[in-house]
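Chemist: Supplied in structure tokens, the structure appears directly below.
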Amino acid sequence: MKQEEIEAILKTYENFVNLKKLKRQGWKEWNVKDREIESVADHVYGAQMLAWCILEQANLDLDAGKVMAMLSLHETEEIAIGDITPFDHITKEQKKEMGKEAVKQVLSNLSQASRVKELIAEFEEGKTKEAKFALLCDKLECDLQARIYQKEGYLRWSQAPEKVLQDKRVQKLRKNGIKTIDHIFLENDYPLYQNTIFQEIADFLKKEEKESKKVAVVLEGGALRGIYTAGVLDAFLEKKVKVDCLIGVSAGALNGMNYISKQKGRSAQINLTYCDDPQYIGRKAITRSKGIIGFDYLFDDISKKQVPFDEKTFQKSKIRFVAVATNCSTGKAEYFEKDDWKLEEFYKMVQASASMPLASSMVKIRKRFVFRWCSSR
């Protein structure tokens with residue numbers, strides 16, 4: 001080869017390996033921690049491996065070499081234009097035109113790149129059976145990566161930015177009963193999988209979620225009588241009893257927090273140590289917290305200084321935790337999930353759950369709410 005031909009190869013190669021550094025923008029939109037976000041090259045590899053797994057397991061009449069070639073090249077445009085997501089509000093037509101120009105730019109150093117351009121064009125058009133298969137591998141790989149992030153605790157509603165929460169597709173799917181973010185991804189792509197082997201895989205994932213056995217524990221209230229509940233939860237921690245969901249009201253919600261944070265004995269330590277402290281229960285609590293229970297003292301002083309609450313373990317926990325309180329305007333019970341709120345806000349939900357009518361002041365949650373909350377007991 002001539003020197004200029006070798007230089008063309010090296011320049012084009014250097015362009016392609018930039019995909020190792022380019023982070024998948026969609027995961028940034030969901031506030032996955034930057035160091036955990038896969039690169040575009042990671043996604044390309046994942047899509048190829050998924051394709052190989054399906055092709056090896058299923059008897060499909062496809063040109064495997066062409067499928068692999070398409071998947072290795074299908075993100076070429078992102079070298080020049082970056083990873084565009086639906087939240088960028090760029091139309092399919094605009095993205096298509098931008099993609100064509102980007103591919104030309106990336107391959108401009110190669111005097112003969114017709115095969116590469118043809119494969120990319122075939123993938124984008126999605127008309128051949130290999131292109132259709134490769135396109136669905138691309139989609140399903142993203143759904144499966146969401147499933148992995150969900151299992152690892154990186155996808156939480158409490159971390160999702162407002163623009164994601166306000167997205168009409170996300171709101172519609174949540175309204176239809178989709179609870180977890182990974183299933184938001186799967187349900188959004190599900191119509192594309194109809195009448196293909198990908199539908200079988202998607203149906204299995206949905207069925208697996210529904211059929212997986214769950215253990216839920218309901219924690220009742222009862223003020224200091226909740227110390228009996230605390231003892232049971234401490235035994236659960238000691239024996240490593242697995243619980244998938246905790247639903248607590250009043251003292252039950254407070255005890256549940258210590259179970260989620262894996263702090264055996266903390267509930268008993270606080271109630272036995274501070275039950276005679278007027279800042280916790282009594283006149284000083286009334287002065288500071290406007291109620292007989294000193295929630296400000298509990299959350300600000302005790303939980304941050306005297307008997308520190310393990311916020312990190314609490315937030316990372318995959319156990320579903322729900323606090324129940326009564327809407328004082330409607331008289332109906334409301335349910336607050338830990339992962340749907342920032343920690344300081346969830347403290348308010350638990351305080352609202354533990355507030356006693358007349359003996360405690362009502363708790364206002366978020367300025368946009370025109371009502372307050374009180375205990376559902």
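Each chain of the structure tokens is named A, B, ... in the order shown, its residues numbered from 1; ligands are numbered from 1 in display order.
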I need the residues in segment 51-199 of chain A that are helix (DSSP H, G or I) according to DSSP; give them as a ChimeraX atom specification.
Modeler: /A:51-57,64-73,78-81,86-88,92-106,114-125,129-151,157-159,162-165,168-175,181-193,197-199
Chemist: Between segment 39-98 of chain A and segment 134-150 of chain A, at 7 Å or less, what are the per-residue closest atom pairs and their distances in Å? Count only C-alpha atoms, order by chain and rising residue number, and return it as JSON lines.
Modeler:
{"residue": "A:Gly46", "atom": "CA", "partner": "A:Glu141", "partner_atom": "CA", "distance": 6.5}
{"residue": "A:Ala47", "atom": "CA", "partner": "A:Glu141", "partner_atom": "CA", "distance": 5.5}
{"residue": "A:Leu50", "atom": "CA", "partner": "A:Cys137", "partner_atom": "CA", "distance": 6.7}
{"residue": "A:Ala51", "atom": "CA", "partner": "A:Cys137", "partner_atom": "CA", "distance": 6.1}
{"residue": "A:Val67", "atom": "CA", "partner": "A:Ala134", "partner_atom": "CA", "distance": 5.8}
{"residue": "A:Met70", "atom": "CA", "partner": "A:Ala134", "partner_atom": "CA", "distance": 7.0}
{"residue": "A:Leu71", "atom": "CA", "partner": "A:Ala134", "partner_atom": "CA", "distance": 6.3}
Chemist: State, in Å with one decimal place, the distance from atom CA of Ile227 of chain A to atom CA of Asp276 of chain A.
Modeler: 15.2 Å
Chemist: Produce a table with one row for each residue of segment 161-216 of chain A that has an atom at most 12 Å from any atom of segment 320-326 of chain A, each row naming the nearest atom pair and its distance in Å at one decimal; use only C-alpha atoms; arrange rows by chain and rising residue number; format as a Markdown table.
Modeler:
| residue | atom | partner | partner_atom | distance |
| --- | --- | --- | --- | --- |
| A:Lys179 | CA | A:Arg320 | CA | 11.1 |
| A:Thr180 | CA | A:Arg320 | CA | 11.0 |
| A:Lys214 | CA | A:Arg320 | CA | 10.6 |
| A:Val215 | CA | A:Arg320 | CA | 10.4 |
| A:Ala216 | CA | A:Arg320 | CA | 9.0 |
Chemist: Write a file of the selected residues as a PDB file, in the first residue's frame, keeping N, CA, C and O atoms.
Modeler:
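To be explicit, this is the file written out as selection-v2.pdb:
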ATOM      1  N   LYS A 179     -44.002   0.151  36.699  1.00  0.00           N
ATOM      2  CA  LYS A 179     -43.400   0.630  37.935  1.00  0.00           C
ATOM      3  C   LYS A 179     -41.924   0.969  37.810  1.00  0.00           C
ATOM      4  O   LYS A 179     -41.454   1.980  38.320  1.00  0.00           O
ATOM      5  N   THR A 180     -41.152   0.089  37.167  1.00  0.00           N
ATOM      6  CA  THR A 180     -39.709   0.265  37.144  1.00  0.00           C
ATOM      7  C   THR A 180     -39.234   0.883  35.829  1.00  0.00           C
ATOM      8  O   THR A 180     -39.859   0.713  34.791  1.00  0.00           O
ATOM      9  N   LYS A 214     -42.443 -12.358  45.624  1.00  0.00           N
ATOM     10  CA  LYS A 214     -42.063 -11.201  46.423  1.00  0.00           C
ATOM     11  C   LYS A 214     -42.519 -11.400  47.868  1.00  0.00           C
ATOM     12  O   LYS A 214     -43.569 -11.993  48.124  1.00  0.00           O
ATOM     13  N   VAL A 215     -41.732 -10.893  48.781  1.00  0.00           N
ATOM     14  CA  VAL A 215     -42.082 -10.933  50.207  1.00  0.00           C
ATOM     15  C   VAL A 215     -42.299  -9.502  50.669  1.00  0.00           C
ATOM     16  O   VAL A 215     -41.399  -8.662  50.569  1.00  0.00           O
ATOM     17  N   ALA A 216     -43.497  -9.213  51.141  1.00  0.00           N
ATOM     18  CA  ALA A 216     -43.827  -7.866  51.622  1.00  0.00           C
ATOM     19  C   ALA A 216     -44.184  -7.934  53.107  1.00  0.00           C
ATOM     20  O   ALA A 216     -44.804  -8.893  53.563  1.00  0.00           O
TER      21      ALA A 216
END
Chemist: Find the distance between atom CA of Val218 of chain A and atom CA of Ile247 of chain A and write it in Å to one decimal.
Modeler: 4.8 Å
Chemist: Excluding same-chain residues fewer than 2 positions from Ala64 of chain A, what lies within 10 Å of it counting only C-alpha atoms, as a PyMOL selection string?
Modeler: chain A and resi 51-52+55-56+60-62+66-70+130+134
Chemist: Got a sec: who's within 9 Å of Ile270 of chain A, counting only C-alpha atoms, leaving out chain neighbours fewer than 6 positions off, as a short mmCIF file (atom, residue, chain, number, x, y, z; two decimals) with C-alpha atoms, in the first residue's frame?
Modeler:
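Final output, saved to result.cif:
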data_model
loop_
_atom_site.label_atom_id
_atom_site.label_comp_id
_atom_site.auth_asym_id
_atom_site.auth_seq_id
_atom_site.Cartn_x
_atom_site.Cartn_y
_atom_site.Cartn_z
CA LEU A 298 -35.05 13.24 65.75
CA ILE A 302 -30.24 12.46 66.80
CA VAL A 307 -27.12 8.07 66.59
#
Chemist: Using only C-alpha atoms, pick whichever of A:Ser158, A:Asn15, A:Ser72, A:Ser317 has the shortest atom-to-atom distance to Phe336 of chain A.
Modeler: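 Of all the options, A:Ser158 lies closest to Phe336 of chain A.
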Chemist: Using only C-alpha atoms, can you tell me which of A:Ile81, A:Met257, A:Val40, A:Val249 comes closest to Met98 of chain A?
Modeler: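 The answer is A:Ile81, which sits nearest to Met98 of chain A.
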Chemist: Nearest to Gly256 of chain A among A:Trp341, A:Lys168, A:Leu192, A:Val350, with distances taken over only C-alpha atoms: which residue is it?
Modeler: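 For Gly256 of chain A, the nearest of the candidates is A:Val350.
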Chemist: Residues near Asp234 of chain A, anyone? I mean within 8 Å using only C-alpha atoms, not counting same-chain ones fewer than 4 positions away, as a ChimeraX atom specification.
Modeler: /A:230,238,259,264-265
Chemist: For Lys342 of chain A, which residue out of A:Val106, A:Ala160, A:Val44, A:Ala253 is the nearest one, using only C-alpha atoms?
Modeler: A:Ala160
Chemist: Give me every strand (DSSP E) residue in segment 69-295 of chain A, going by DSSP on the backbone, as a list of chain:residue names.
Modeler: A:Ala216, A:Val217, A:Val218, A:Leu219, A:Cys245, A:Leu246, A:Ile247, A:Gly248, A:Val249
Chemist: Restricting the calculation to only C-alpha atoms: of A:Thr313, A:Asn31, A:Gln279, A:Ser39, which residue gets closest to Asn18 of chain A?
Modeler: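 Closest candidate: A:Ser39.
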